[in-house]
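Inspection log for the structure reproduced underneath, given as structure tokens.
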Amino acid sequence: MGRIVVEVMPKPEILDPQGKAVMGNLPRLGFDQFTGVRQGRRFELTVDGPVTDAHLAAAAEAAEKLLSNPIIEDVVSVTADPADGADAAPNPEEA
Amino acid sequence: MTRIGVITFPGTLDDVDAARAVRLAGAEPVSLWHKDADIHGVDAVVVPGGFSYGDYLRCGAIARFAPVMDEVIAAAGRGMPVLGICNGFQILTEAHLLPGALIRNNHQKFICREQRLRVESTTTAWTNLFEDDEEIVVPLKNGEGNFIASPAELDRLEGEGLVVFRYLDNPNGSARDIAGVRNARGNVVGLMPHPEHAVEPGFGPDSAAGARQGVDGLRLFQSAISALVGA
């Protein structure tokens, strides 16, 4: 089984209330060295067998069509998870 | 009689209230199911509020791909009146029938209250019975009602007169106090507050007429009937 990891983040200029709430609480726990928190999402898509370029291309399309809303979010990366022993296929987002 | 469809997705909450509003306005409500691949010849569609498919991915993101939405999107393109309320508004933005997006309220809290709005556009299928700049009160209840778009897109919306409702006291951080928007043609309108909860004396917000007497929401539904009958 291969695994593809898709990471989506709110666009930098978009208010991230969840990140702000987390940031507000870090100093209370003694973590006063951080100046900001942005909270995004990580999706893990699994496929039968090793991850192929076609799988990655489909994942990139799914990421743009459903997993993110391009008005408020950026698809940061679409990558095969090397921890699953899959071939280190190139990332179409970086190609 | 004018037939107005009301869609039910798994997790929809306000479909029955929306159907009741349609009936009180003088049209026949028609229940539409999310798996229906057609809209049964209705004259207009209301996409009601709730938490479609649990809103687990993003509000409205999964509902936008429901079978019934293909036909709603096609009908909207032909000029059919479509109203999105709350989660329905979120669904219509995800479907790109309306501009912008809705994110979590700036204060991170769910908010439920009677909300004052100013009607900014009366040349739509859903607001033609209002006066320009009229102030109305309808209930509001949401956790992700914070309207957002890029500054350039916001300038375009303002410049082209696509803002339909503006908050008089912004409850959630929405950009430029925007509570509702329209498409260029004016047949598709979306708003976060709930007009379907202000349609019958005794069950709406407080008004000058007394406690729970507010019925400002009814005119959205009457406007659609008026637009269809006049068309």
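Labels for the structure tokens follow display order: chains A, B, ..., residues from 1 in each chain, ligands from 1.
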task = Please report as a ChimeraX atom specification which residues of chain B come no farther than 12 Å from chain A, using only C-alpha atoms.
result = /B:56-65,90-91,93-96,98-109,143-144,146-151,153,172-175
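Every protein, DNA or RNA residue with an atom at most 10 Å from Leu117 in chain B, where only C-alpha atoms count and chain neighbours fewer than 2 positions away do not, is listed here: B:Glu114, B:Gln115, B:Val119, B:Glu120, B:Asp133, B:Glu134, B:Glu135, B:Ile136, B:Val137, B:Val138, B:Val164, B:Phe165, B:Arg166, B:Tyr167, B:Leu168, B:Asp169, B:Asn170, B:Asp177, B:Ile178, B:Ala179, B:Gly180, B:Pro193.
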message = Would you pick out the contacts of range 45-47 of chain B at 10 Å or less, using only C-alpha atoms, so that residues sharing its chain but fewer than 4 positions from it are not included, and give the list as JSON, numbers by chain?
response = {"B": [3, 4, 5, 6, 7, 8, 9, 12, 14, 15, 18, 19, 22, 29, 30, 31, 32, 39, 69, 72, 75, 76, 80, 81, 82, 83, 84, 85, 86, 87, 88, 89, 90, 91, 92, 188, 189, 190, 221, 224]}
ask   = DSSP says strand (DSSP E) for which residues of range 14-86 of chain A? Put them as a PyMOL selection string?
value = chain A and resi 41-47+73-80
Based on the selection just made, write all heavy atoms of those residues as a compact mmCIF listing (two decimals), in the first residue's frame.
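The resulting file, selection-v8.txt, is shown below:
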# COMPACT_ATOMS: atom_id res chain seq x y z
N ARG A 41 -4.18 21.68 7.12
CA ARG A 41 -4.70 20.31 7.12
C ARG A 41 -3.73 19.39 6.40
O ARG A 41 -3.08 19.77 5.44
CB ARG A 41 -6.00 20.23 6.32
CG ARG A 41 -7.18 20.91 6.92
CD ARG A 41 -8.30 20.92 5.90
NE ARG A 41 -9.44 21.65 6.39
CZ ARG A 41 -10.43 21.08 7.09
NH1 ARG A 41 -10.40 19.80 7.34
NH2 ARG A 41 -11.44 21.79 7.51
N ARG A 42 -3.68 18.16 6.88
CA ARG A 42 -2.89 17.12 6.21
C ARG A 42 -3.85 15.99 5.86
O ARG A 42 -4.62 15.51 6.70
CB ARG A 42 -1.81 16.62 7.16
CG ARG A 42 -1.07 15.37 6.69
CD ARG A 42 -0.18 14.86 7.82
NE ARG A 42 0.32 13.51 7.53
CZ ARG A 42 1.59 13.25 7.26
NH1 ARG A 42 2.48 14.20 7.22
NH2 ARG A 42 1.98 12.00 7.02
N PHE A 43 -3.86 15.61 4.58
CA PHE A 43 -4.66 14.48 4.12
C PHE A 43 -3.71 13.35 3.76
O PHE A 43 -2.65 13.58 3.19
CB PHE A 43 -5.45 14.86 2.86
CG PHE A 43 -6.42 16.00 3.05
CD1 PHE A 43 -6.00 17.32 2.89
CD2 PHE A 43 -7.74 15.76 3.39
CE1 PHE A 43 -6.89 18.37 3.07
CE2 PHE A 43 -8.64 16.81 3.56
CZ PHE A 43 -8.21 18.11 3.39
N GLU A 44 -4.12 12.12 4.08
CA GLU A 44 -3.34 10.95 3.66
C GLU A 44 -4.22 10.10 2.75
O GLU A 44 -5.26 9.61 3.17
CB GLU A 44 -2.88 10.15 4.88
CG GLU A 44 -1.92 10.95 5.77
CD GLU A 44 -1.39 10.17 6.96
OE1 GLU A 44 -1.85 9.03 7.16
OE2 GLU A 44 -0.52 10.69 7.65
N LEU A 45 -3.81 9.97 1.50
CA LEU A 45 -4.56 9.19 0.52
C LEU A 45 -3.80 7.89 0.28
O LEU A 45 -2.59 7.92 0.02
CB LEU A 45 -4.68 9.96 -0.81
CG LEU A 45 -5.11 11.43 -0.73
CD1 LEU A 45 -5.16 12.04 -2.14
CD2 LEU A 45 -6.46 11.56 -0.07
N THR A 46 -4.48 6.75 0.39
CA THR A 46 -3.79 5.48 0.19
C THR A 46 -4.18 4.87 -1.15
O THR A 46 -5.29 5.06 -1.63
CB THR A 46 -4.10 4.49 1.32
OG1 THR A 46 -5.51 4.38 1.46
CG2 THR A 46 -3.51 4.94 2.64
N VAL A 47 -3.26 4.13 -1.74
CA VAL A 47 -3.49 3.44 -3.01
C VAL A 47 -2.95 2.02 -2.91
O VAL A 47 -2.09 1.72 -2.07
CB VAL A 47 -2.79 4.16 -4.19
CG1 VAL A 47 -3.37 5.56 -4.39
CG2 VAL A 47 -1.28 4.23 -3.98
N GLU A 73 -7.40 28.93 0.41
CA GLU A 73 -6.35 27.99 0.80
C GLU A 73 -5.36 27.73 -0.34
O GLU A 73 -5.72 27.85 -1.51
CB GLU A 73 -6.98 26.64 1.23
CG GLU A 73 -7.83 26.74 2.49
CD GLU A 73 -8.72 25.52 2.69
OE1 GLU A 73 -9.17 24.92 1.69
OE2 GLU A 73 -8.97 25.18 3.84
N ASP A 74 -4.15 27.33 0.02
CA ASP A 74 -3.15 26.88 -0.94
C ASP A 74 -2.85 25.41 -0.71
O ASP A 74 -2.76 24.96 0.44
CB ASP A 74 -1.83 27.65 -0.74
CG ASP A 74 -1.94 29.10 -1.13
OD1 ASP A 74 -2.63 29.40 -2.12
OD2 ASP A 74 -1.35 29.94 -0.43
N VAL A 75 -2.70 24.65 -1.81
CA VAL A 75 -2.19 23.29 -1.70
C VAL A 75 -0.67 23.43 -1.60
O VAL A 75 -0.01 23.86 -2.54
CB VAL A 75 -2.58 22.45 -2.92
CG1 VAL A 75 -1.98 21.05 -2.81
CG2 VAL A 75 -4.09 22.38 -3.04
N VAL A 76 -0.13 23.10 -0.44
CA VAL A 76 1.30 23.34 -0.19
C VAL A 76 2.15 22.23 -0.81
O VAL A 76 3.19 22.47 -1.41
CB VAL A 76 1.57 23.44 1.33
CG1 VAL A 76 3.06 23.59 1.59
CG2 VAL A 76 0.79 24.60 1.92
N SER A 77 1.68 20.97 -0.67
CA SER A 77 2.47 19.88 -1.24
C SER A 77 1.61 18.65 -1.48
O SER A 77 0.61 18.44 -0.79
CB SER A 77 3.64 19.52 -0.31
OG SER A 77 3.15 19.01 0.91
N VAL A 78 2.00 17.87 -2.48
CA VAL A 78 1.39 16.58 -2.78
C VAL A 78 2.56 15.62 -2.98
O VAL A 78 3.25 15.67 -3.99
CB VAL A 78 0.53 16.64 -4.05
CG1 VAL A 78 -0.08 15.27 -4.35
CG2 VAL A 78 -0.56 17.70 -3.93
N THR A 79 2.79 14.75 -2.00
CA THR A 79 4.00 13.93 -2.05
C THR A 79 3.71 12.49 -1.67
O THR A 79 2.81 12.21 -0.88
CB THR A 79 5.07 14.45 -1.06
OG1 THR A 79 4.46 14.61 0.22
CG2 THR A 79 5.64 15.78 -1.51
N ALA A 80 4.50 11.56 -2.26
CA ALA A 80 4.45 10.18 -1.83
C ALA A 80 5.14 10.08 -0.48
O ALA A 80 6.18 10.71 -0.26
CB ALA A 80 5.14 9.29 -2.85
Coordinates-based distance that separates CA of His34 in chain B from CA of Glu61 in chain A (Å, one decimal) =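 Calculated distance between CA of Glu61 in chain A and CA of His34 in chain B is 24.3 Å.
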task = Per DSSP on the backbone, filter range 2-222 of chain B down to the residues in helix (DSSP H, G or I) and report them as a count of residues only.
result = 57
Find the spatial neighbours of range 22-26 of chain A, counting only C-alpha atoms, within a cut-off of 9 Å - ignore same-chain residues fewer than 2 positions away - and output them as a PDB file with N, CA and C atoms, in the first residue's frame.
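Listing of around.pdb after writing:
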ATOM      1  N   PRO A  17      -8.402  32.066  12.312  1.00  0.00           N
ATOM      2  CA  PRO A  17      -8.842  32.147  13.716  1.00  0.00           C
ATOM      3  C   PRO A  17      -8.371  30.962  14.559  1.00  0.00           C
ATOM      4  N   GLN A  18      -8.268  29.770  13.936  1.00  0.00           N
ATOM      5  CA  GLN A  18      -7.824  28.607  14.712  1.00  0.00           C
ATOM      6  C   GLN A  18      -6.369  28.745  15.111  1.00  0.00           C
ATOM      7  N   GLY A  19      -5.542  29.172  14.168  1.00  0.00           N
ATOM      8  CA  GLY A  19      -4.131  29.395  14.479  1.00  0.00           C
ATOM      9  C   GLY A  19      -3.960  30.473  15.548  1.00  0.00           C
ATOM     10  N   LYS A  20      -4.785  31.516  15.430  1.00  0.00           N
ATOM     11  CA  LYS A  20      -4.704  32.597  16.413  1.00  0.00           C
ATOM     12  C   LYS A  20      -5.089  32.105  17.806  1.00  0.00           C
ATOM     13  N   ARG A  28       0.655  30.784  27.674  1.00  0.00           N
ATOM     14  CA  ARG A  28       0.097  30.375  28.959  1.00  0.00           C
ATOM     15  C   ARG A  28       0.745  29.071  29.445  1.00  0.00           C
ATOM     16  N   LEU A  29       1.223  28.262  28.480  1.00  0.00           N
ATOM     17  CA  LEU A  29       1.878  27.006  28.837  1.00  0.00           C
ATOM     18  C   LEU A  29       3.393  27.168  28.937  1.00  0.00           C
ATOM     19  N   GLY A  30       3.851  28.411  28.837  1.00  0.00           N
ATOM     20  CA  GLY A  30       5.286  28.658  28.971  1.00  0.00           C
ATOM     21  C   GLY A  30       6.024  28.713  27.644  1.00  0.00           C
ATOM     22  N   PHE A  31       5.314  28.498  26.528  1.00  0.00           N
ATOM     23  CA  PHE A  31       5.982  28.578  25.216  1.00  0.00           C
ATOM     24  C   PHE A  31       5.893  30.013  24.721  1.00  0.00           C
ATOM     25  N   ASP A  32       6.902  30.826  25.114  1.00  0.00           N
ATOM     26  CA  ASP A  32       6.807  32.244  24.762  1.00  0.00           C
ATOM     27  C   ASP A  32       7.757  32.612  23.627  1.00  0.00           C
ATOM     28  N   PHE A  34       7.415  31.576  20.413  1.00  0.00           N
ATOM     29  CA  PHE A  34       6.792  31.543  19.083  1.00  0.00           C
ATOM     30  C   PHE A  34       6.043  32.844  18.820  1.00  0.00           C
ATOM     31  N   THR A  35       6.192  33.341  17.605  1.00  0.00           N
ATOM     32  CA  THR A  35       5.575  34.628  17.272  1.00  0.00           C
ATOM     33  C   THR A  35       4.329  34.469  16.417  1.00  0.00           C
ATOM     34  N   GLY A  36       4.030  33.240  15.990  1.00  0.00           N
ATOM     35  CA  GLY A  36       2.815  33.056  15.192  1.00  0.00           C
ATOM     36  C   GLY A  36       2.501  31.591  15.002  1.00  0.00           C
ATOM     37  N   VAL A  37       1.231  31.271  14.778  1.00  0.00           N
ATOM     38  CA  VAL A  37       0.809  29.897  14.472  1.00  0.00           C
ATOM     39  C   VAL A  37      -0.187  29.959  13.323  1.00  0.00           C
ATOM     40  N   ARG A  38       0.018  29.157  12.308  1.00  0.00           N
ATOM     41  CA  ARG A  38      -0.965  28.975  11.251  1.00  0.00           C
ATOM     42  C   ARG A  38      -1.362  27.510  11.259  1.00  0.00           C
ATOM     43  N   GLN A  39      -2.656  27.249  11.201  1.00  0.00           N
ATOM     44  CA  GLN A  39      -3.133  25.865  11.256  1.00  0.00           C
ATOM     45  C   GLN A  39      -3.689  25.462   9.901  1.00  0.00           C
TER      46      GLN A  39
END
